[in-house]
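Containing compact mmCIF, C-alpha atoms: my_file.txt.
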# COMPACT_ATOMS: atom_id res chain seq x y z
CA MET U 200 114.80 197.97 28.83
CA LYS U 201 116.15 195.94 31.73
CA LYS U 202 118.73 193.16 31.40
CA PRO U 203 119.37 191.77 34.87
CA ALA U 204 122.20 189.32 35.43
CA ILE U 205 121.04 185.78 34.63
CA THR U 206 121.50 184.14 37.99
CA ASN U 207 119.61 182.16 40.61
CA LEU U 208 121.76 183.65 43.35
CA ASP U 209 120.45 186.52 45.40
CA ILE U 210 123.12 189.14 44.65
CA HIS U 211 122.59 192.78 45.58
CA PRO U 212 120.01 194.43 43.27
CA ILE U 213 122.43 197.18 42.24
CA ILE U 214 124.84 194.53 40.99
CA LYS U 215 122.10 192.36 39.54
CA ASN U 216 120.41 195.16 37.59
CA ARG U 217 123.47 197.03 36.37
CA TRP U 218 124.32 196.59 32.72
CA SER U 219 125.97 198.67 30.02
CA PRO U 220 123.36 200.03 27.62
CA ARG U 221 124.28 202.25 24.67
CA SER U 222 120.95 204.02 24.54
CA PHE U 223 121.15 207.32 26.42
CA SER U 224 118.52 210.03 26.63
CA GLU U 225 119.64 213.64 26.49
CA LYS U 226 118.01 214.34 29.87
CA LYS U 227 120.36 216.41 32.01
CA VAL U 228 121.82 214.84 35.15
CA ASP U 229 121.37 216.87 38.35
CA PRO U 230 124.85 218.09 39.40
CA ALA U 231 124.07 216.92 42.96
CA LYS U 232 123.96 213.37 41.62
CA LEU U 233 127.32 213.88 39.93
CA ARG U 234 128.82 215.16 43.17
CA ARG U 235 127.62 212.02 44.99
CA ILE U 236 128.93 209.82 42.17
CA PHE U 237 132.44 211.26 42.39
CA GLU U 238 132.24 211.26 46.19
CA ALA U 239 131.63 207.50 46.00
CA ALA U 240 134.78 207.12 43.87
CA ARG U 241 136.73 209.29 46.28
CA TRP U 242 136.10 206.83 49.13
CA ALA U 243 137.21 203.77 47.21
CA PRO U 244 140.14 201.85 48.71
CA SER U 245 143.62 201.91 47.18
CA SER U 246 147.04 200.49 47.82
CA PHE U 247 148.76 202.60 50.52
CA ASN U 248 145.81 204.99 50.11
CA GLU U 249 147.54 206.41 47.02
CA GLN U 250 144.19 207.31 45.41
CA PRO U 251 145.73 207.14 41.91
CA TRP U 252 142.43 208.07 40.25
CA ARG U 253 141.72 211.34 38.46
CA PHE U 254 138.60 212.13 36.46
CA ILE U 255 137.74 214.58 33.72
CA VAL U 256 134.02 215.22 33.49
CA GLY U 257 132.01 216.91 30.75
CA GLU U 258 128.34 217.85 30.80
CA LYS U 259 126.65 218.01 27.41
CA GLY U 260 126.91 221.51 26.04
CA ASP U 261 130.18 222.39 27.75
CA ASP U 262 133.66 222.53 26.27
CA SER U 263 134.85 219.58 28.36
CA TRP U 264 132.13 217.29 26.93
CA ASP U 265 133.04 218.36 23.38
CA LYS U 266 136.71 217.58 23.93
CA LEU U 267 135.95 214.22 25.55
CA TYR U 268 133.69 213.37 22.63
CA GLU U 269 136.45 214.28 20.21
CA CYS U 270 138.76 211.72 21.87
CA MET U 271 136.43 208.78 21.14
CA VAL U 272 136.65 206.46 18.18
CA LYS U 273 133.81 206.88 15.71
CA PHE U 274 132.11 203.64 16.77
CA ASN U 275 131.66 205.04 20.27
CA GLN U 276 130.78 208.55 19.09
CA ASP U 277 127.91 207.07 17.10
CA TRP U 278 126.03 205.89 20.19
CA ALA U 279 127.48 208.11 22.95
CA LYS U 280 126.51 211.32 21.19
CA SER U 281 123.35 211.66 23.28
CA ALA U 282 124.94 210.93 26.68
CA ALA U 283 124.43 213.81 29.11
CA VAL U 284 127.76 213.19 30.84
CA LEU U 285 131.12 211.91 29.65
CA ILE U 286 133.90 210.92 32.04
CA MET U 287 137.53 209.99 31.44
CA SER U 288 139.44 208.00 34.05
CA ILE U 289 143.13 208.75 34.39
CA GLY U 290 145.70 206.92 36.50
CA LYS U 291 148.76 208.26 38.29
CA GLN U 292 151.60 205.88 37.50
CA SER U 293 154.16 206.88 40.11
CA SER U 294 153.88 206.04 43.78
CA SER U 295 154.29 208.75 46.40
CA LYS U 296 156.91 206.40 47.91
CA GLY U 297 158.96 206.59 44.69
CA GLY U 298 158.98 204.15 41.77
CA THR U 299 155.91 202.88 39.99
CA ASN U 300 152.62 202.06 41.68
CA LYS U 301 152.14 198.50 40.44
CA VAL U 302 148.41 198.50 41.04
CA TYR U 303 147.44 201.97 39.85
CA GLN U 304 145.30 200.65 36.99
CA TYR U 305 143.64 198.12 39.30
CA ASP U 306 142.82 200.88 41.77
CA VAL U 307 141.41 203.19 39.09
CA GLY U 308 139.26 200.25 38.00
CA GLN U 309 137.96 199.97 41.57
CA SER U 310 137.12 203.68 41.70
CA MET U 311 135.18 203.43 38.43
CA ALA U 312 133.23 200.51 39.88
CA TYR U 313 132.30 202.82 42.79
CA ILE U 314 131.11 205.40 40.25
CA THR U 315 129.10 202.69 38.51
CA PHE U 316 127.53 201.50 41.76
CA GLN U 317 126.54 205.00 42.92
CA ALA U 318 125.22 205.88 39.43
CA GLU U 319 122.98 202.79 39.46
CA ALA U 320 121.76 203.78 42.93
CA GLU U 321 120.90 207.23 41.49
CA GLY U 322 118.76 205.70 38.71
CA LEU U 323 121.39 206.35 36.06
CA VAL U 324 123.22 204.04 33.68
CA VAL U 325 126.83 203.98 32.56
CA HIS U 326 128.76 202.43 29.69
CA GLN U 327 132.55 202.24 29.78
CA MET U 328 134.81 202.39 26.73
CA GLY U 329 138.39 201.62 25.86
CA GLY U 330 138.02 202.98 22.32
CA PHE U 331 139.45 206.49 22.45
CA SER U 332 142.73 208.26 21.74
CA ALA U 333 144.83 208.72 24.87
CA ASP U 334 147.22 210.89 22.84
CA LYS U 335 144.44 213.23 21.81
CA ALA U 336 143.23 213.38 25.42
CA ARG U 337 146.73 214.22 26.61
CA GLU U 338 146.90 217.07 24.11
CA LEU U 339 143.38 218.47 24.55
CA PHE U 340 143.42 218.36 28.35
CA SER U 341 147.16 219.00 28.97
CA ILE U 342 147.55 215.75 30.90
CA PRO U 343 151.01 215.50 32.52
CA GLU U 344 153.31 212.63 31.60
CA ASP U 345 152.94 210.77 34.90
CA TYR U 346 149.18 210.43 34.36
CA VAL U 347 147.69 207.88 31.95
CA PRO U 348 144.21 208.10 30.38
CA LEU U 349 142.72 204.64 30.96
CA THR U 350 139.03 204.50 30.07
CA MET U 351 136.03 206.64 29.20
CA MET U 352 132.46 206.38 30.40
CA ALA U 353 129.11 207.63 29.15
CA LEU U 354 126.68 208.36 32.01
CA GLY U 355 123.07 209.46 32.01
CA TYR U 356 119.47 208.33 31.79
CA GLN U 357 118.68 205.28 29.75
CA ASP U 358 116.57 205.57 26.61
CA SER U 359 114.69 202.97 24.54
CA PRO U 360 116.82 200.59 22.43
CA ASP U 361 114.88 201.80 19.42
CA SER U 362 116.39 205.25 19.76
CA LEU U 363 119.65 203.66 18.60
CA GLU U 364 120.63 203.26 14.96
CA GLY U 365 121.65 200.26 12.83
CA ASP U 366 123.49 197.37 14.50
CA PHE U 367 123.37 199.07 17.89
CA VAL U 368 119.73 198.01 18.30
CA LYS U 369 120.66 194.34 17.94
CA MET U 370 123.64 194.74 20.26
CA GLU U 371 121.44 196.44 22.86
CA LYS U 372 118.99 193.53 22.84
CA ALA U 373 121.57 190.72 22.82
CA PRO U 374 121.58 188.47 25.91
CA ARG U 375 124.25 188.96 28.55
CA VAL U 376 126.83 186.19 28.89
CA ARG U 377 129.55 185.32 31.37
CA LYS U 378 132.09 182.51 31.79
CA PRO U 379 130.91 179.76 34.15
CA PHE U 380 131.88 179.94 37.83
CA GLY U 381 134.22 176.96 37.46
CA GLU U 382 136.43 178.83 34.99
CA LEU U 383 136.85 181.76 37.36
CA VAL U 384 136.97 180.64 41.00
CA PHE U 385 139.61 178.15 42.07
CA SER U 386 140.81 176.43 45.20
CA GLY U 387 144.06 174.58 45.90
CA SER U 388 145.50 175.12 42.45
CA PHE U 389 144.84 177.29 39.43
CA GLY U 390 142.08 175.83 37.26
CA ASN U 391 140.65 173.64 40.04
CA GLU U 392 137.03 174.75 40.63
CA ALA U 393 136.30 175.87 44.19
CA ARG U 394 133.46 173.83 45.71
CA LEU U 395 132.14 176.29 48.30
CA ASP U 396 129.64 173.88 49.77
CA MET V 245 133.98 199.50 65.26
CA LYS V 246 132.49 201.53 62.44
CA LYS V 247 134.41 204.12 60.41
CA PRO V 248 132.01 205.59 57.85
CA ALA V 249 133.33 207.87 55.12
CA ILE V 250 133.56 211.44 56.40
CA THR V 251 131.18 213.16 54.04
CA ASN V 252 128.10 215.35 54.03
CA LEU V 253 126.97 213.82 50.78
CA ASP V 254 124.36 211.11 50.78
CA ILE V 255 126.28 208.30 49.12
CA HIS V 256 124.98 204.73 49.15
CA PRO V 257 125.33 203.12 52.62
CA ILE V 258 127.37 200.21 51.22
CA ILE V 259 129.94 202.70 49.96
CA LYS V 260 129.69 204.97 52.98
CA ASN V 261 130.13 202.21 55.54
CA ARG V 262 132.76 200.11 53.80
CA TRP V 263 136.26 200.38 55.17
CA SER V 264 139.29 198.09 55.45
CA PRO V 265 139.67 196.82 59.01
CA ARG V 266 142.47 194.46 60.01
CA SER V 267 140.56 192.91 62.87
CA PHE V 268 138.92 189.67 61.76
CA SER V 269 137.08 187.15 63.89
CA GLU V 270 137.57 183.46 63.17
CA LYS V 271 133.84 182.99 62.63
CA LYS V 272 133.26 180.83 59.56
CA VAL V 273 131.61 182.42 56.50
CA ASP V 274 128.60 180.53 55.14
CA PRO V 275 129.61 179.12 51.71
CA ALA V 276 126.32 180.46 50.29
CA LYS V 277 127.60 183.96 51.02
CA LEU V 278 130.86 183.17 49.24
CA ARG V 279 128.97 181.92 46.21
CA ARG V 280 127.00 185.18 46.04
CA ILE V 281 130.20 187.19 46.49
CA PHE V 282 131.91 185.53 43.53
CA GLU V 283 128.69 185.70 41.53
CA ALA V 284 128.75 189.47 42.00
CA ALA V 285 132.30 189.56 40.63
CA ARG V 286 131.28 187.36 37.73
CA TRP V 287 128.74 189.95 36.56
CA ALA V 288 131.17 192.88 36.63
CA PRO V 289 131.71 194.64 33.29
CA SER V 290 134.94 194.29 31.31
CA SER V 291 136.45 195.49 28.07
CA PHE V 292 135.07 193.35 25.20
CA ASN V 293 133.57 191.15 27.94
CA GLU V 294 137.00 189.51 28.33
CA GLN V 295 136.37 188.79 32.04
CA PRO V 296 140.12 188.73 32.75
CA TRP V 297 139.55 187.95 36.45
CA ARG V 298 140.39 184.69 38.17
CA PHE V 299 140.22 184.04 41.88
CA ILE V 300 141.82 181.56 44.24
CA VAL V 301 139.86 181.16 47.46
CA GLY V 302 140.86 179.51 50.72
CA GLU V 303 138.68 178.83 53.75
CA LYS V 304 140.49 178.67 57.06
CA GLY V 305 141.52 175.10 57.74
CA ASP V 306 141.90 174.07 54.12
CA ASP V 307 145.08 173.63 52.12
CA SER V 308 144.25 176.57 49.84
CA TRP V 309 144.04 179.01 52.81
CA ASP V 310 147.39 177.75 54.12
CA LYS V 311 149.08 178.29 50.76
CA LEU V 312 147.54 181.75 50.33
CA TYR V 313 148.72 182.65 53.84
CA GLU V 314 152.22 181.47 52.98
CA CYS V 315 152.34 183.91 50.03
CA MET V 316 151.81 186.97 52.26
CA VAL V 317 154.54 189.17 53.68
CA LYS V 318 154.92 188.85 57.46
CA PHE V 319 153.30 192.24 58.12
CA ASN V 320 150.07 191.00 56.54
CA GLN V 321 150.32 187.52 58.06
CA ASP V 322 150.43 189.12 61.50
CA TRP V 323 146.90 190.53 61.25
CA ALA V 324 145.30 188.32 58.56
CA LYS V 325 145.98 185.12 60.48
CA SER V 326 142.45 185.07 61.89
CA ALA V 327 140.61 185.83 58.63
CA ALA V 328 138.13 183.07 57.77
CA VAL V 329 138.63 183.52 54.04
CA LEU V 330 141.59 184.53 51.89
CA ILE V 331 141.28 185.40 48.21
CA MET V 332 143.88 186.05 45.54
CA SER V 333 142.96 188.02 42.43
CA ILE V 334 144.71 187.03 39.22
CA GLY V 335 144.56 188.77 35.84
CA LYS V 336 144.72 187.28 32.37
CA GLN V 337 147.16 189.42 30.38
CA SER V 338 146.39 188.34 26.84
CA SER V 339 143.28 189.33 24.95
CA SER V 340 141.17 186.70 23.21
CA LYS V 341 141.57 188.93 20.13
CA GLY V 342 145.36 188.48 20.30
CA GLY V 343 147.92 190.79 21.84
CA THR V 344 147.75 192.21 25.34
CA ASN V 345 144.54 193.30 27.04
CA LYS V 346 145.55 196.85 28.02
CA VAL V 347 142.94 197.13 30.74
CA TYR V 348 143.12 193.69 32.34
CA GLN V 349 144.36 195.04 35.67
CA TYR V 350 141.69 197.77 35.63
CA ASP V 351 139.00 195.17 35.00
CA VAL V 352 140.25 192.86 37.76
CA GLY V 353 140.11 195.91 40.04
CA GLN V 354 136.48 196.38 39.07
CA SER V 355 135.64 192.75 39.82
CA MET V 356 137.26 193.00 43.26
CA ALA V 357 135.16 196.11 43.94
CA TYR V 358 132.07 194.02 43.15
CA ILE V 359 133.31 191.40 45.63
CA THR V 360 133.73 194.20 48.15
CA PHE V 361 130.17 195.54 47.63
CA GLN V 362 128.55 192.12 47.91
CA ALA V 363 130.64 191.26 50.98
CA GLU V 364 129.56 194.51 52.66
CA ALA V 365 125.93 193.72 51.74
CA GLU V 366 126.40 190.30 53.39
CA GLY V 367 127.57 191.86 56.66
CA LEU V 368 131.21 190.96 56.04
CA VAL V 369 134.35 193.06 55.81
CA VAL V 370 137.32 192.84 53.47
CA HIS V 371 140.88 194.15 53.47
CA GLN V 372 142.96 194.07 50.30
CA MET V 373 146.73 193.66 50.17
CA GLY V 374 149.53 194.15 47.71
CA GLY V 375 152.13 192.70 50.09
CA PHE V 376 152.60 189.11 48.96
CA SER V 377 154.91 187.09 46.73
CA ALA V 378 153.50 186.61 43.24
CA ASP V 379 156.37 184.21 42.50
CA LYS V 380 155.49 182.03 45.46
CA ALA V 381 151.82 182.08 44.41
CA ARG V 382 152.76 181.05 40.89
CA GLU V 383 154.71 178.11 42.26
CA LEU V 384 152.28 176.97 44.97
CA PHE V 385 149.18 177.19 42.77
CA SER V 386 150.75 176.34 39.36
CA ILE V 387 149.61 179.63 37.83
CA PRO V 388 150.24 179.70 34.05
CA GLU V 389 152.50 182.38 32.58
CA ASP V 390 149.70 184.37 30.95
CA TYR V 391 148.05 184.94 34.33
CA VAL V 392 149.36 187.49 36.84
CA PRO V 393 148.66 187.46 40.60
CA LEU V 394 147.58 191.02 41.37
CA THR V 395 146.23 191.39 44.91
CA MET V 396 145.12 189.43 47.93
CA MET V 397 142.11 189.99 50.17
CA ALA V 398 141.16 188.92 53.69
CA LEU V 399 137.39 188.45 54.08
CA GLY V 400 135.27 187.61 57.08
CA TYR V 401 133.48 188.96 60.11
CA GLN V 402 134.92 192.00 61.83
CA ASP V 403 136.28 191.73 65.36
CA SER V 404 137.09 194.36 67.98
CA PRO V 405 140.18 196.53 67.35
CA ASP V 406 141.49 195.34 70.71
CA SER V 407 141.82 191.82 69.39
CA LEU V 408 144.73 193.15 67.32
CA GLU V 409 148.30 193.34 68.58
CA GLY V 410 150.82 196.19 68.84
CA ASP V 411 150.70 199.00 66.28
CA PHE V 412 147.74 197.44 64.51
CA VAL V 413 145.41 198.76 67.21
CA LYS V 414 146.47 202.35 66.54
CA MET V 415 146.22 201.83 62.77
CA GLU V 416 142.74 200.37 63.17
CA LYS V 417 141.55 203.43 65.08
CA ALA V 418 143.22 206.08 62.88
CA PRO V 419 140.86 208.42 61.03
CA ARG V 420 140.17 207.83 57.35
CA VAL V 421 141.54 210.43 54.95
CA ARG V 422 141.12 211.21 51.26
CA LYS V 423 142.40 213.85 48.84
CA PRO V 424 139.98 216.75 48.35
CA PHE V 425 137.49 216.63 45.47
CA GLY V 426 139.32 219.44 43.66
CA GLU V 427 142.47 217.34 43.31
CA LEU V 428 140.56 214.47 41.73
CA VAL V 429 137.72 215.71 39.52
CA PHE V 430 138.51 218.04 36.65
CA SER V 431 136.73 219.80 33.82
CA GLY V 432 138.11 221.45 30.69
CA SER V 433 141.73 220.68 31.49
CA PHE V 434 143.70 218.45 33.82
CA GLY V 435 144.00 220.04 37.26
CA ASN V 436 141.06 222.40 36.79
CA GLU V 437 138.47 221.56 39.45
CA ALA V 438 135.04 220.61 38.08
CA ARG V 439 132.33 222.90 39.46
CA LEU V 440 129.28 220.62 39.17
CA ASP V 441 126.84 223.27 40.30

Would you mind writing the structure in this file as structure tokens?
Amino acid sequence: MKKPAITNLDIHPIIKNRWSPRSFSEKKVDPAKLRRIFEAARWAPSSFNEQPWRFIVGEKGDDSWDKLYECMVKFNQDWAKSAAVLIMSIGKQSSSKGGTNKVYQYDVGQSMAYITFQAEAEGLVVHQMGGFSADKARELFSIPEDYVPLTMMALGYQDSPDSLEGDFVKMEKAPRVRKPFGELVFSGSFGNEARLD
Amino acid sequence: MKKPAITNLDIHPIIKNRWSPRSFSEKKVDPAKLRRIFEAARWAPSSFNEQPWRFIVGEKGDDSWDKLYECMVKFNQDWAKSAAVLIMSIGKQSSSKGGTNKVYQYDVGQSMAYITFQAEAEGLVVHQMGGFSADKARELFSIPEDYVPLTMMALGYQDSPDSLEGDFVKMEKAPRVRKPFGELVFSGSFGNEARLD
């Protein structure tokens, strides 16, 4: 099932076609694709080139996948159980210049967008999650104090919505919605819609 | 000048070719391109679809550009003065469910990555900055308390490195560097390089 962005504007097809399905097939992802996906993240930009992103990856059947799965809340486990790949994004809080890196979360978000973009280019789909236990992740993966688990991601090949159970089918088929342009893009002062004409 | 990512892996050309030059020509950016660029950001994913991103845009010659320019530290003003477009990213801290949205900065980072991809697809370049006064931005643009200025971005057409002054020329021509894969992508435990083979 496809759910392209509902827009009359000619945005790049990778951006237009990307969405966050919950229906994953168990089909294995070629490790060469995974290497390109993380390579894309590696070349993301960051403040002072700090590269505050770290990733833990698990491929279904390995110990890392099992531990990542264990970190998720049940709601996410219920649909992500068939995902071939699980990823956790982790941010380094401190700056190499001393003190805190104020934009470390922002920069990890950018790197995960690069992962998303490359995954879509590889014919894969991703679904990000906030619902997991950072404390459990810290314990299971021995994550040092300066590093903060931020999000998780299921990655793999998309399956039919009907392979999902219960309410997930309805959620999968629900239309995509976004706030209107005028509530997001301003000029001159906050809240004043940019004209761009 | 091009500075593609130094990699043997076949990552998407938008990701491979993107970099952050400081040399901007004054050539105006077609507003239709800007509309597509913000449309790309609008369709980025976010936690609970909160869409915590807001943008202030200025086109060179308008009042919004002048105010954005005024927010920057001198170092950034010195090279960004010729950029046709300036953008400020702003994050909404609170969640619509009450309390703080823990990943609002992460999600704004994602949306700015979507802006970056679409800009690159449009033949434009961008350079993000952390060096600006959020307090001045809050005052000049009447930004409400719940919203936090996070980054700024220069956007436009690239110019020759030699149009830059002083040390900027050397910085523009410096090679791009990134941490090795093994310091970023782990499996099983934090710090343990993922094999992916």

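You can rank V:Ser269, V:Ser386, V:Asn293, V:Thr395 by their closest distance to Gly335 of chain V using only C-alpha atoms, and at the top of that list sits V:Thr395.
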
Which residues are close to Leu330 of chain V, i.e. within 6 Å by only C-alpha atoms, leaving aside same-chain residues fewer than 2 positions away? Reply as a compact mmCIF listing (two decimals) with C-alpha atoms, in the frame of the given file.
# COMPACT_ATOMS: atom_id res chain seq x y z
CA VAL V 301 139.86 181.16 47.46
CA GLY V 302 140.86 179.51 50.72
CA MET V 397 142.11 189.99 50.17
CA ALA V 398 141.16 188.92 53.69

- Task: Please identify all polymer residues lying at most 6 Å from the point (124.0, 198.8, 52.5) (file coordinates), using only C-alpha atoms, and present the result as number ranges by chain.
- Result: V: 257-258, 365

- Message: Distance cut-off 7 Å, counting all atoms listed in the file - which residues of chain V neighbour chain U? Return them as a PyMOL selection string.
- Response: chain V and resi 249+253-256+259+275+279-280+284+286-287+291+297-302+307-308+349-354+357+362+374+385-387+422+428-434+440-441

- Which one is closest to Lys335 of chain U: U:Phe223, U:Phe274, U:Tyr268, U:Tyr356? Count all atoms listed in the file. U:Tyr268

- Using all atoms listed in the file: which of U:Lys273, U:Lys259, U:Lys227, U:Arg221 has the shortest distance to Asp361 of chain U: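 Of all the options, U:Arg221 lies closest to Asp361 of chain U.
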
- Find the distance between atom CA of Ser267 of chain V and atom CA of Leu408 of chain V and write it in Å to one decimal.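 Atom-to-atom, atom CA of Ser267 of chain V to atom CA of Leu408 of chain V, that is 6.1 Å.
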
- Which is closest to Met351 of chain U among U:Glu371, U:Gly298, U:Gly365, U:Ser332, if we use only C-alpha atoms? U:Ser332

- atom CA of Asn275 of chain U to atom CA of Gly260 of chain U, straight-line distance in Å: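 Interatomic distance, atom CA of Gly260 of chain U to atom CA of Asn275 of chain U: 18.1 Å.
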
- How many Å lie between atom CA of Lys414 of chain V and atom CA of Pro265 of chain V, rounded to one decimal?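 Atom CA of Pro265 of chain V lies at a distance of 11.6 Å from atom CA of Lys414 of chain V.
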
- Query: With distances taken over only C-alpha atoms, which of U:Ser294, U:Lys226, U:Glu319, U:Ser281 is nearest to Ser362 of chain U?
  - Reply: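 Looking only at the distances to Ser362 of chain U, the closest residue turns out to be U:Ser281.
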
Output requested as a short mmCIF file (atom, residue, chain, number, x, y, z; two decimals), in the coordinates of the input - segment 410-426 of chain V, filled out with N, CA and C atoms.
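Printed below is result_1.cif as written:
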data_model
loop_
_atom_site.label_atom_id
_atom_site.label_comp_id
_atom_site.auth_asym_id
_atom_site.auth_seq_id
_atom_site.Cartn_x
_atom_site.Cartn_y
_atom_site.Cartn_z
N GLY V 410 149.82 195.15 69.11
CA GLY V 410 150.82 196.19 68.84
C GLY V 410 150.28 197.37 68.07
N ASP V 411 151.05 197.81 67.06
CA ASP V 411 150.70 199.00 66.28
C ASP V 411 149.39 198.88 65.51
N PHE V 412 148.97 197.63 65.29
CA PHE V 412 147.74 197.44 64.51
C PHE V 412 146.53 198.10 65.18
N VAL V 413 146.54 198.15 66.50
CA VAL V 413 145.41 198.76 67.21
C VAL V 413 145.30 200.24 66.85
N LYS V 414 146.44 200.92 66.88
CA LYS V 414 146.47 202.35 66.54
C LYS V 414 146.06 202.57 65.08
N MET V 415 146.56 201.71 64.20
CA MET V 415 146.22 201.83 62.77
C MET V 415 144.72 201.63 62.56
N GLU V 416 144.16 200.68 63.32
CA GLU V 416 142.74 200.37 63.17
C GLU V 416 141.87 201.57 63.57
N LYS V 417 142.37 202.33 64.55
CA LYS V 417 141.55 203.43 65.08
C LYS V 417 141.86 204.78 64.41
N ALA V 418 142.85 204.82 63.53
CA ALA V 418 143.22 206.08 62.88
C ALA V 418 142.09 206.58 61.99
N PRO V 419 141.92 207.90 61.89
CA PRO V 419 140.86 208.42 61.03
C PRO V 419 141.12 208.13 59.55
N ARG V 420 140.05 208.05 58.79
CA ARG V 420 140.17 207.83 57.35
C ARG V 420 140.40 209.17 56.65
N VAL V 421 141.27 209.18 55.67
CA VAL V 421 141.54 210.43 54.95
C VAL V 421 141.49 210.19 53.44
N ARG V 422 141.11 211.24 52.72
CA ARG V 422 141.12 211.21 51.26
C ARG V 422 141.55 212.57 50.73
N LYS V 423 142.08 212.58 49.51
CA LYS V 423 142.40 213.85 48.84
C LYS V 423 141.10 214.63 48.62
N PRO V 424 141.19 215.97 48.60
CA PRO V 424 139.98 216.75 48.35
C PRO V 424 139.47 216.56 46.91
N PHE V 425 138.18 216.74 46.75
CA PHE V 425 137.49 216.63 45.47
C PHE V 425 138.24 217.38 44.36
N GLY V 426 138.69 218.58 44.67
CA GLY V 426 139.32 219.44 43.66
C GLY V 426 140.64 218.91 43.11
#
